[in-house]
>>> print(open('query-v9.cif').read())   # mmCIF, C-alpha atoms
data_coords
#
loop_
_atom_site.group_PDB
_atom_site.id
_atom_site.type_symbol
_atom_site.label_atom_id
_atom_site.label_comp_id
_atom_site.auth_asym_id
_atom_site.auth_seq_id
_atom_site.Cartn_x
_atom_site.Cartn_y
_atom_site.Cartn_z
ATOM 1 C CA MET A 1 15.426 -13.503 22.959
ATOM 2 C CA VAL A 2 18.791 -11.785 23.462
ATOM 3 C CA SER A 3 18.543 -12.224 27.250
ATOM 4 C CA ARG A 4 17.796 -15.899 26.660
ATOM 5 C CA LEU A 5 21.061 -16.085 24.741
ATOM 6 C CA GLY A 6 22.895 -15.015 27.900
ATOM 7 C CA HIS A 7 23.443 -11.318 27.260
ATOM 8 C CA GLU A 8 22.474 -8.331 29.344
ATOM 9 C CA VAL A 9 19.953 -6.209 27.461
ATOM 10 C CA ILE A 10 19.235 -2.483 27.667
ATOM 11 C CA GLU A 11 16.051 -1.678 25.773
ATOM 12 C CA ALA A 12 15.015 1.585 24.154
ATOM 13 C CA GLY A 13 11.567 2.291 22.772
ATOM 14 C CA GLY A 14 12.581 4.111 19.587
ATOM 15 C CA GLY A 15 15.517 5.549 17.688
ATOM 16 C CA ALA A 16 15.966 8.761 19.687
ATOM 17 C CA LEU A 17 15.933 6.941 23.001
ATOM 18 C CA GLY A 18 18.243 4.317 21.535
ATOM 19 C CA LEU A 19 20.834 6.938 20.624
ATOM 20 C CA GLU A 20 20.590 8.396 24.132
ATOM 21 C CA LYS A 21 21.093 5.006 25.763
ATOM 22 C CA ILE A 22 24.009 4.171 23.471
ATOM 23 C CA GLY A 23 25.700 7.380 24.637
ATOM 24 C CA GLU A 24 24.987 6.649 28.279
ATOM 25 C CA THR A 25 25.825 2.942 28.427
ATOM 26 C CA ASN A 26 28.387 2.325 25.683
ATOM 27 C CA PRO A 27 27.087 -1.185 24.872
ATOM 28 C CA ASP A 28 29.119 -4.001 23.307
ATOM 29 C CA CYS A 29 26.637 -4.446 20.493
ATOM 30 C CA ILE A 30 23.622 -2.553 19.131
ATOM 31 C CA ILE A 31 20.554 -4.335 17.741
ATOM 32 C CA CYS A 32 18.306 -1.915 15.890
ATOM 33 C CA ASP A 33 15.037 -2.058 13.940
ATOM 34 C CA LEU A 34 14.597 0.085 10.810
ATOM 35 C CA LEU A 35 10.928 0.969 10.917
ATOM 36 C CA MET A 36 10.482 3.190 13.950
ATOM 37 C CA PRO A 37 8.409 6.346 14.320
ATOM 38 C CA GLU A 38 10.256 9.695 14.245
ATOM 39 C CA VAL A 39 13.868 8.489 14.339
ATOM 40 C CA SER A 40 14.213 5.520 11.976
ATOM 41 C CA GLY A 41 16.938 2.891 11.974
ATOM 42 C CA PHE A 42 18.539 4.649 8.978
ATOM 43 C CA MET A 43 18.717 7.864 11.002
ATOM 44 C CA VAL A 44 20.261 5.979 13.925
ATOM 45 C CA LEU A 45 22.896 4.514 11.583
ATOM 46 C CA GLU A 46 23.616 7.957 10.060
ATOM 47 C CA GLU A 47 23.969 9.535 13.476
ATOM 48 C CA LEU A 48 26.257 6.767 14.705
ATOM 49 C CA GLN A 49 28.351 7.046 11.546
ATOM 50 C CA LYS A 50 28.708 10.821 12.051
ATOM 51 C CA LYS A 51 29.974 10.192 15.576
ATOM 52 C CA GLY A 52 32.548 7.669 14.351
ATOM 53 C CA ASN A 53 30.833 4.757 16.072
ATOM 54 C CA THR A 54 32.844 1.564 16.448
ATOM 55 C CA ILE A 55 30.208 -0.481 18.297
ATOM 56 C CA PRO A 56 28.911 -3.246 15.995
ATOM 57 C CA VAL A 57 25.338 -2.677 14.816
ATOM 58 C CA ILE A 58 23.009 -5.516 13.845
ATOM 59 C CA ILE A 59 19.907 -4.422 11.949
ATOM 60 C CA LEU A 60 16.755 -6.487 12.498
ATOM 61 C CA THR A 61 14.048 -5.762 9.971
ATOM 62 C CA ALA A 62 11.071 -7.284 8.151
ATOM 63 C CA ASP A 63 12.208 -5.366 5.043
ATOM 64 C CA ILE A 64 13.725 -7.759 2.483
ATOM 65 C CA GLN A 65 14.715 -5.187 -0.149
ATOM 66 C CA ASP A 66 18.241 -5.697 -1.498
ATOM 67 C CA SER A 67 18.747 -1.931 -1.727
ATOM 68 C CA VAL A 68 17.806 -1.468 1.932
ATOM 69 C CA ARG A 69 20.325 -4.103 2.991
ATOM 70 C CA GLU A 70 23.019 -2.351 0.913
ATOM 71 C CA THR A 71 22.137 1.049 2.396
ATOM 72 C CA CYS A 72 22.363 -0.312 5.946
ATOM 73 C CA LEU A 73 25.749 -1.873 5.259
ATOM 74 C CA SER A 74 27.000 1.337 3.638
ATOM 75 C CA LEU A 75 25.900 3.244 6.763
ATOM 76 C CA GLY A 76 27.998 1.017 8.976
ATOM 77 C CA ALA A 77 25.728 -1.871 9.955
ATOM 78 C CA ARG A 78 27.730 -5.088 10.276
ATOM 79 C CA VAL A 79 24.858 -7.365 9.315
ATOM 80 C CA VAL A 80 21.175 -7.132 8.362
ATOM 81 C CA LEU A 81 18.918 -9.923 9.619
ATOM 82 C CA ASN A 82 15.310 -10.404 8.629
ATOM 83 C CA LYS A 83 12.610 -10.626 11.265
ATOM 84 C CA PRO A 84 11.932 -12.808 13.038
ATOM 85 C CA PRO A 85 15.477 -14.157 13.353
ATOM 86 C CA LYS A 86 16.170 -17.703 14.503
ATOM 87 C CA ASP A 87 17.820 -17.801 17.962
ATOM 88 C CA VAL A 88 20.868 -19.518 16.533
ATOM 89 C CA ILE A 89 21.365 -16.959 13.743
ATOM 90 C CA LEU A 90 20.992 -13.952 16.027
ATOM 91 C CA GLY A 91 23.236 -15.621 18.611
ATOM 92 C CA GLU A 92 25.916 -16.243 16.010
ATOM 93 C CA ALA A 93 25.690 -12.659 14.740
ATOM 94 C CA ILE A 94 26.029 -11.244 18.257
ATOM 95 C CA ASN A 95 28.978 -13.490 19.082
ATOM 96 C CA ASN A 96 30.669 -12.717 15.764
ATOM 97 C CA TYR A 97 30.449 -8.981 16.176
ATOM 98 C CA LEU A 98 30.649 -8.532 19.914
ATOM 99 C CA ASN A 99 33.415 -6.212 21.059
ATOM 100 C CA LEU A 100 34.926 -8.263 23.871
ATOM 101 C CA MET B 1 -0.671 1.438 -20.527
ATOM 102 C CA GLY B 2 -1.652 -2.127 -19.764
ATOM 103 C CA PHE B 3 -0.150 -5.330 -18.464
ATOM 104 C CA SER B 4 0.420 -8.114 -20.989
ATOM 105 C CA ASP B 5 -0.416 -11.729 -20.130
ATOM 106 C CA ASP B 6 3.315 -12.475 -19.832
ATOM 107 C CA GLN B 7 3.802 -9.582 -17.425
ATOM 108 C CA ILE B 8 0.876 -10.738 -15.285
ATOM 109 C CA LYS B 9 2.330 -14.252 -15.250
ATOM 110 C CA LEU B 10 5.733 -12.900 -14.229
ATOM 111 C CA LEU B 11 4.219 -10.664 -11.540
ATOM 112 C CA ARG B 12 2.260 -13.618 -10.193
ATOM 113 C CA GLU B 13 5.487 -15.641 -9.973
ATOM 114 C CA ILE B 14 7.241 -12.764 -8.196
ATOM 115 C CA ILE B 15 4.397 -12.222 -5.730
ATOM 116 C CA ASN B 16 4.069 -15.962 -5.190
ATOM 117 C CA GLY B 17 7.801 -16.104 -4.401
ATOM 118 C CA GLY B 18 7.309 -13.444 -1.729
ATOM 119 C CA VAL B 19 4.282 -15.213 -0.292
ATOM 120 C CA VAL B 20 6.017 -18.612 -0.149
ATOM 121 C CA ARG B 21 8.979 -17.004 1.589
ATOM 122 C CA ALA B 22 6.602 -15.348 4.063
ATOM 123 C CA GLY B 23 5.053 -18.785 4.680
ATOM 124 C CA ASP B 24 8.482 -20.222 5.477
ATOM 125 C CA ILE B 25 9.093 -17.396 7.980
ATOM 126 C CA LEU B 26 5.693 -17.945 9.605
ATOM 127 C CA ASN B 27 6.470 -21.667 9.848
ATOM 128 C CA GLU B 28 9.560 -20.888 11.875
ATOM 129 C CA MET B 29 7.574 -18.589 14.176
ATOM 130 C CA VAL B 30 4.854 -21.011 15.199
ATOM 131 C CA ASP B 31 4.547 -24.693 15.898
ATOM 132 C CA SER B 32 1.858 -25.245 13.266
ATOM 133 C CA LYS B 33 2.812 -26.018 9.696
ATOM 134 C CA ILE B 34 1.787 -23.103 7.500
ATOM 135 C CA LYS B 35 1.691 -22.994 3.723
ATOM 136 C CA LEU B 36 0.759 -19.990 1.593
ATOM 137 C CA GLU B 37 -0.255 -19.996 -2.061
ATOM 138 C CA ILE B 38 -1.294 -17.436 -4.644
ATOM 139 C CA PRO B 39 -3.533 -19.280 -7.074
ATOM 140 C CA LYS B 40 -4.736 -16.163 -8.866
ATOM 141 C CA LEU B 41 -3.534 -12.625 -9.569
ATOM 142 C CA ASN B 42 -5.907 -10.058 -11.013
ATOM 143 C CA ILE B 43 -4.866 -6.633 -12.179
ATOM 144 C CA PHE B 44 -7.444 -3.890 -12.445
ATOM 145 C CA GLU B 45 -6.508 -0.756 -14.332
ATOM 146 C CA GLY B 46 -8.315 2.427 -15.227
ATOM 147 C CA LYS B 47 -12.046 1.934 -15.700
ATOM 148 C CA SER B 48 -11.903 -1.779 -14.846
ATOM 149 C CA ILE B 49 -11.182 -0.833 -11.228
ATOM 150 C CA SER B 50 -14.885 -0.256 -10.764
ATOM 151 C CA ASN B 51 -15.442 -3.932 -11.661
ATOM 152 C CA THR B 52 -13.614 -5.103 -8.531
ATOM 153 C CA LYS B 53 -16.180 -7.295 -6.817
ATOM 154 C CA GLU B 54 -15.041 -6.150 -3.362
ATOM 155 C CA LEU B 55 -16.451 -2.677 -4.150
ATOM 156 C CA LYS B 56 -19.884 -4.196 -3.744
ATOM 157 C CA GLU B 57 -19.094 -6.331 -0.711
ATOM 158 C CA SER B 58 -20.280 -5.559 2.756
ATOM 159 C CA GLY B 59 -19.044 -7.177 5.919
ATOM 160 C CA ILE B 60 -16.112 -6.410 8.142
ATOM 161 C CA SER B 61 -12.624 -7.568 7.257
ATOM 162 C CA SER B 62 -9.462 -7.627 9.338
ATOM 163 C CA ILE B 63 -6.995 -5.549 7.363
ATOM 164 C CA VAL B 64 -3.294 -4.830 7.713
ATOM 165 C CA ARG B 65 -2.126 -1.880 5.680
ATOM 166 C CA LEU B 66 1.474 -1.143 4.758
ATOM 167 C CA ASP B 67 1.865 2.168 2.935
ATOM 168 C CA PHE B 68 4.992 2.808 0.918
ATOM 169 C CA SER B 69 6.670 5.720 -0.812
ATOM 170 C CA GLY B 70 9.935 6.354 -2.609
ATOM 171 C CA SER B 71 10.676 5.058 -6.110
ATOM 172 C CA ILE B 72 7.083 3.866 -6.298
ATOM 173 C CA GLU B 73 4.168 5.001 -4.163
ATOM 174 C CA GLY B 74 1.071 3.263 -2.966
ATOM 175 C CA SER B 75 -0.396 0.964 -0.368
ATOM 176 C CA SER B 76 -0.409 -2.771 0.196
ATOM 177 C CA LEU B 77 -3.076 -4.566 2.188
ATOM 178 C CA LEU B 78 -3.577 -8.048 3.567
ATOM 179 C CA VAL B 79 -7.294 -8.640 3.977
ATOM 180 C CA PHE B 80 -9.080 -11.456 5.797
ATOM 181 C CA PRO B 81 -12.834 -11.630 6.197
ATOM 182 C CA TYR B 82 -13.257 -11.173 9.961
ATOM 183 C CA GLN B 83 -14.516 -14.741 10.488
ATOM 184 C CA SER B 84 -11.518 -16.109 8.570
ATOM 185 C CA ALA B 85 -9.137 -13.991 10.653
ATOM 186 C CA MET B 86 -10.647 -15.447 13.827
ATOM 187 C CA LYS B 87 -10.373 -18.995 12.465
ATOM 188 C CA PHE B 88 -6.766 -18.370 11.363
ATOM 189 C CA VAL B 89 -5.585 -16.847 14.638
ATOM 190 C CA SER B 90 -7.441 -19.456 16.676
ATOM 191 C CA GLY B 91 -5.783 -22.200 14.592
ATOM 192 C CA LEU B 92 -2.369 -20.602 15.016
ATOM 193 C CA THR B 93 -2.511 -19.886 18.725
ATOM 194 C CA GLY B 94 -4.871 -22.595 19.965
ATOM 195 C CA GLU B 95 -6.905 -19.859 21.720
ATOM 196 C CA ASP B 96 -10.687 -20.032 21.591
ATOM 197 C CA ALA B 97 -12.118 -17.165 19.506
ATOM 198 C CA GLY B 98 -14.593 -16.420 22.290
ATOM 199 C CA SER B 99 -11.989 -16.165 25.014
ATOM 200 C CA GLU B 100 -11.240 -12.953 26.873
ATOM 201 C CA GLY B 101 -8.573 -10.841 25.174
ATOM 202 C CA PHE B 102 -8.953 -12.664 21.854
ATOM 203 C CA GLY B 103 -9.615 -9.384 20.008
ATOM 204 C CA MET B 104 -6.228 -8.005 21.060
ATOM 205 C CA LEU B 105 -4.526 -11.297 20.236
ATOM 206 C CA LEU B 106 -6.155 -11.238 16.788
ATOM 207 C CA GLU B 107 -4.957 -7.677 16.158
ATOM 208 C CA GLU B 108 -1.391 -8.465 17.196
ATOM 209 C CA ALA B 109 -1.213 -11.753 15.293
ATOM 210 C CA VAL B 110 -2.776 -10.432 12.076
ATOM 211 C CA THR B 111 -0.568 -7.320 12.176
ATOM 212 C CA GLU B 112 2.558 -9.459 12.561
ATOM 213 C CA ILE B 113 1.462 -11.833 9.780
ATOM 214 C CA GLY B 114 0.507 -8.902 7.556
ATOM 215 C CA ASN B 115 3.807 -7.153 8.173
ATOM 216 C CA ILE B 116 5.763 -10.254 7.163
ATOM 217 C CA VAL B 117 3.587 -11.142 4.152
ATOM 218 C CA LEU B 118 3.402 -7.590 2.777
ATOM 219 C CA ASN B 119 7.117 -6.900 3.294
ATOM 220 C CA ASN B 120 7.946 -10.087 1.418
ATOM 221 C CA VAL B 121 5.506 -9.353 -1.408
ATOM 222 C CA MET B 122 6.555 -5.726 -1.824
ATOM 223 C CA GLY B 123 10.240 -6.573 -1.378
ATOM 224 C CA SER B 124 9.984 -9.205 -4.105
ATOM 225 C CA ILE B 125 8.423 -6.668 -6.477
ATOM 226 C CA THR B 126 10.912 -3.874 -5.729
ATOM 227 C CA ASN B 127 13.877 -6.258 -5.947
ATOM 228 C CA ALA B 128 12.588 -7.398 -9.353
ATOM 229 C CA ILE B 129 12.375 -3.868 -10.724
ATOM 230 C CA ASN B 130 15.483 -2.592 -8.937
ATOM 231 C CA CYS B 131 13.818 0.115 -6.938
ATOM 232 C CA THR B 132 13.426 0.968 -3.267
ATOM 233 C CA VAL B 133 10.447 1.922 -1.185
ATOM 234 C CA ASN B 134 10.202 3.284 2.341
ATOM 235 C CA TYR B 135 7.479 1.812 4.495
ATOM 236 C CA GLU B 136 5.209 3.402 7.060
ATOM 237 C CA VAL B 137 4.469 1.515 10.279
ATOM 238 C CA PRO B 138 1.804 -1.141 9.466
ATOM 239 C CA ILE B 139 -1.724 -0.333 10.581
ATOM 240 C CA PHE B 140 -4.433 -2.820 11.607
ATOM 241 C CA LYS B 141 -8.133 -2.118 11.116
ATOM 242 C CA ASN B 142 -11.411 -4.000 11.208
ATOM 243 C CA GLU B 143 -13.202 -2.309 8.330
ATOM 244 C CA GLU B 144 -15.249 -2.875 5.177
ATOM 245 C CA ILE B 145 -12.879 -3.434 2.249
ATOM 246 C CA SER B 146 -15.300 -1.631 -0.080
ATOM 247 C CA GLU B 147 -14.766 1.597 1.897
ATOM 248 C CA ILE B 148 -10.987 1.348 1.487
ATOM 249 C CA LEU B 149 -11.291 0.605 -2.231
ATOM 250 C CA LYS B 150 -13.519 3.637 -2.759
ATOM 251 C CA MET B 151 -11.017 5.831 -0.909
ATOM 252 C CA GLU B 152 -8.053 4.508 -2.913
ATOM 253 C CA ILE B 153 -9.857 5.083 -6.211
ATOM 254 C CA ALA B 154 -10.762 8.602 -5.079
ATOM 255 C CA ASN B 155 -7.055 9.137 -4.303
ATOM 256 C CA PHE B 156 -6.101 8.503 -7.938
ATOM 257 C CA LYS B 157 -4.688 5.015 -7.547
ATOM 258 C CA THR B 158 -4.832 3.848 -11.144
ATOM 259 C CA SER B 159 -3.988 0.177 -10.717
ATOM 260 C CA ILE B 160 -4.871 -2.493 -8.239
ATOM 261 C CA LEU B 161 -2.997 -5.775 -8.050
ATOM 262 C CA LYS B 162 -5.224 -8.288 -6.306
ATOM 263 C CA ALA B 163 -3.728 -11.605 -5.288
ATOM 264 C CA GLU B 164 -6.060 -14.219 -3.873
ATOM 265 C CA THR B 165 -4.109 -15.932 -1.144
ATOM 266 C CA LYS B 166 -4.685 -19.288 0.487
ATOM 267 C CA PHE B 167 -3.301 -19.896 3.965
ATOM 268 C CA TYR B 168 -3.101 -23.499 5.074
ATOM 269 C CA ILE B 169 -2.450 -24.228 8.749
ATOM 270 C CA GLU B 170 -2.308 -27.967 9.318
ATOM 271 C CA GLU B 171 -5.825 -29.044 8.273
ATOM 272 C CA ILE B 172 -7.334 -25.531 8.356
ATOM 273 C CA GLN B 173 -7.607 -23.530 5.143
ATOM 274 C CA VAL B 174 -8.236 -19.789 5.244
ATOM 275 C CA GLU B 175 -8.543 -17.473 2.282
ATOM 276 C CA GLY B 176 -7.384 -13.903 2.316
ATOM 277 C CA GLU B 177 -6.436 -11.345 -0.289
ATOM 278 C CA ILE B 178 -3.447 -9.151 -0.903
ATOM 279 C CA PHE B 179 -4.106 -5.821 -2.556
ATOM 280 C CA VAL B 180 -1.433 -3.486 -3.893
ATOM 281 C CA PHE B 181 -2.705 -0.030 -4.849
ATOM 282 C CA LEU B 182 -0.479 1.890 -7.219
ATOM 283 C CA ASN B 183 -0.575 5.373 -8.631
ATOM 284 C CA TYR B 184 0.103 6.160 -12.309
ATOM 285 C CA GLU B 185 3.890 6.509 -11.937
ATOM 286 C CA ALA B 186 4.191 3.314 -9.896
ATOM 287 C CA THR B 187 2.145 1.416 -12.455
ATOM 288 C CA ASN B 188 4.455 2.589 -15.243
ATOM 289 C CA GLU B 189 7.502 1.560 -13.222
ATOM 290 C CA ILE B 190 6.113 -1.935 -12.700
ATOM 291 C CA LEU B 191 5.203 -2.108 -16.400
ATOM 292 C CA LEU B 192 8.964 -2.091 -17.067
ATOM 293 C CA ILE B 193 9.238 -5.382 -15.215
ATOM 294 C CA GLN B 194 10.155 -7.510 -18.210
ATOM 295 C CA THR B 195 12.910 -5.254 -19.420
ATOM 296 C CA SER B 196 14.521 -5.051 -15.992
ATOM 297 C CA LYS B 197 14.466 -8.813 -15.244
#
>>> encode(input="query-v9.cif", output="C-alpha cells")
Amino acid sequence: MVSRLGHEVIEAGGGALGLEKIGETNPDCIICDLLMPEVSGFMVLEELQKKGNTIPVIILTADIQDSVRETCLSLGARVVLNKPPKDVILGEAINNYLNL
Amino acid sequence: MGFSDDQIKLLREIINGGVVRAGDILNEMVDSKIKLEIPKLNIFEGKSISNTKELKESGISSIVRLDFSGSIEGSSLLVFPYQSAMKFVSGLTGEDAGSEGFGMLLEEAVTEIGNIVLNNVMGSITNAINCTVNYEVPIFKNEEISEILKMEIANFKTSILKAETKFYIEEIQVEGEIFVFLNYEATNEILLIQTSK
C-alpha cells in the first residue's frame, strides 16, 4: 500500500529486525505494528525513545483501546491508525509526518 | 457475584458497538456490503457454565482465538461452524469453496476477520471499564468448540460471555458466535461496568 502511494519501502519482519533496519537505513518515516512476536511495537517505541529518535513513527494496529493509543503517543508515536487503514488516511499521515 | 439484567443489557450494547464498528471496517476492506449484528448475549457463570449448549455439540468449527492478559485476563473467540466459514469466505472472495488453495484462503480470511472483530469487541469492553489488556497473536484452528469449552472450564474460567453474531454479506447470512472467557478477577472487574460508565 505504501509503495502504491509513491514511497520507497524497506520491510522488516518483526520488531528486532525493524530496529536493525532503522539503524542501517535511517528512513524518513517508520510504520510499525504493535502485535509482533518477541519484540513488540511498544518495545520498538521504547527503544527508539531511549535513542532519542526523531524519525516520525506511525503505529498501525487492530487494537482500538484508548489506553493503548495514549501509551503509544506517550512513547513518541506521532499517530496511531487502526488496521486496515484507508489509502487516503495513511497517505495523509505519511505526508504530514515525513521528514523531508 | 452475578450480572444484573441492566448490566447484561449494557454489555450487549457495548459488544454490539464493537461488532458494528468491526462491520464498518470489513466493509471498507472488501467490495461486498457487510453488516454485523448481535441479537443475543448470554452470560454463563459458575455452575451454569455446564449448561452451555456448545458443550454437547460435535462438529468442526473454524475458530479464531485472541488471548489477552493485563488488567483482565482471559480469551476471546470468534467461532463459525466450518460450513458457515466456507460459505462466508466464498461469499466474500468469490472463490469456489472446492477450489485449490481454498483452505489456506479460509484460514487467512477468517483470521483477519476474527482479529478485527475480537479487537473491536474487547477494545469496546476495556474502554468502557477503563482498563487495558495486552493481546497475544491471534490463532486460527479448525476444532470442536466443545473441546475448547471443556479446557477453559478446567482452567478456572468462571464466566463466559456468549454473543450470537449474525454476519450479512449482500444476500448471504452467516451465523457465528463470539465467546469471551473470563477468570474470577476479570469477571469482578467487568461487574463494575455500571459504576465506571
>>> resolve_selection(input="query-v9.cif", expression="the PyMOL selection byres ((chain A) within 12 of (chain B))", output="PyMOL selection string")
chain A and resi 33-38+40-42+61-71+82-87
>>> write_last_selection(input="query-v9.cif", atoms="C-alpha atoms", output="CSV table (one decimal), in the frame of the given file")
chain,number,residue,atom,x,y,z
A,33,ASP,CA,15.0,-2.1,13.9
A,34,LEU,CA,14.6,0.1,10.8
A,35,LEU,CA,10.9,1.0,10.9
A,36,MET,CA,10.5,3.2,14.0
A,37,PRO,CA,8.4,6.3,14.3
A,38,GLU,CA,10.3,9.7,14.2
A,40,SER,CA,14.2,5.5,12.0
A,41,GLY,CA,16.9,2.9,12.0
A,42,PHE,CA,18.5,4.6,9.0
A,61,THR,CA,14.0,-5.8,10.0
A,62,ALA,CA,11.1,-7.3,8.2
A,63,ASP,CA,12.2,-5.4,5.0
A,64,ILE,CA,13.7,-7.8,2.5
A,65,GLN,CA,14.7,-5.2,-0.1
A,66,ASP,CA,18.2,-5.7,-1.5
A,67,SER,CA,18.7,-1.9,-1.7
A,68,VAL,CA,17.8,-1.5,1.9
A,69,ARG,CA,20.3,-4.1,3.0
A,70,GLU,CA,23.0,-2.4,0.9
A,71,THR,CA,22.1,1.0,2.4
A,82,ASN,CA,15.3,-10.4,8.6
A,83,LYS,CA,12.6,-10.6,11.3
A,84,PRO,CA,11.9,-12.8,13.0
A,85,PRO,CA,15.5,-14.2,13.4
A,86,LYS,CA,16.2,-17.7,14.5
A,87,ASP,CA,17.8,-17.8,18.0
>>> resolve_selection(input="query-v9.cif", expression="the PyMOL selection byres ((chain A and resi 45) around 10)", output="ChimeraX atom specification")
/A:15,19,32,34,40-44,46-51,53,57,59,71-77
>>> atom_distance(input="query-v9.cif", atom1="atom CA of B:Ile49", atom2="atom CA of B:Thr158")
7.9 Å
>>> atom_distance(input="query-v9.cif", atom1="atom CA of B:Leu55", atom2="atom CA of B:Leu105")
28.5 Å
>>> atom_distance(input="query-v9.cif", atom1="atom CA of B:Lys9", atom2="atom CA of B:Leu36")
17.9 Å
>>> resolve_selection(input="query-v9.cif", expression="the PyMOL selection byres ((chain B and resi 161) around 7)", output="PyMOL selection string")
chain B and resi 42-44+159-160+162-163+179-181
>>> residues_around(input="query-v9.cif", residues="stretch 28-30 of chain A", least_positions_apart="2", cutoff="6 Å", atoms="only C-alpha atoms", output="count of residues only")
5
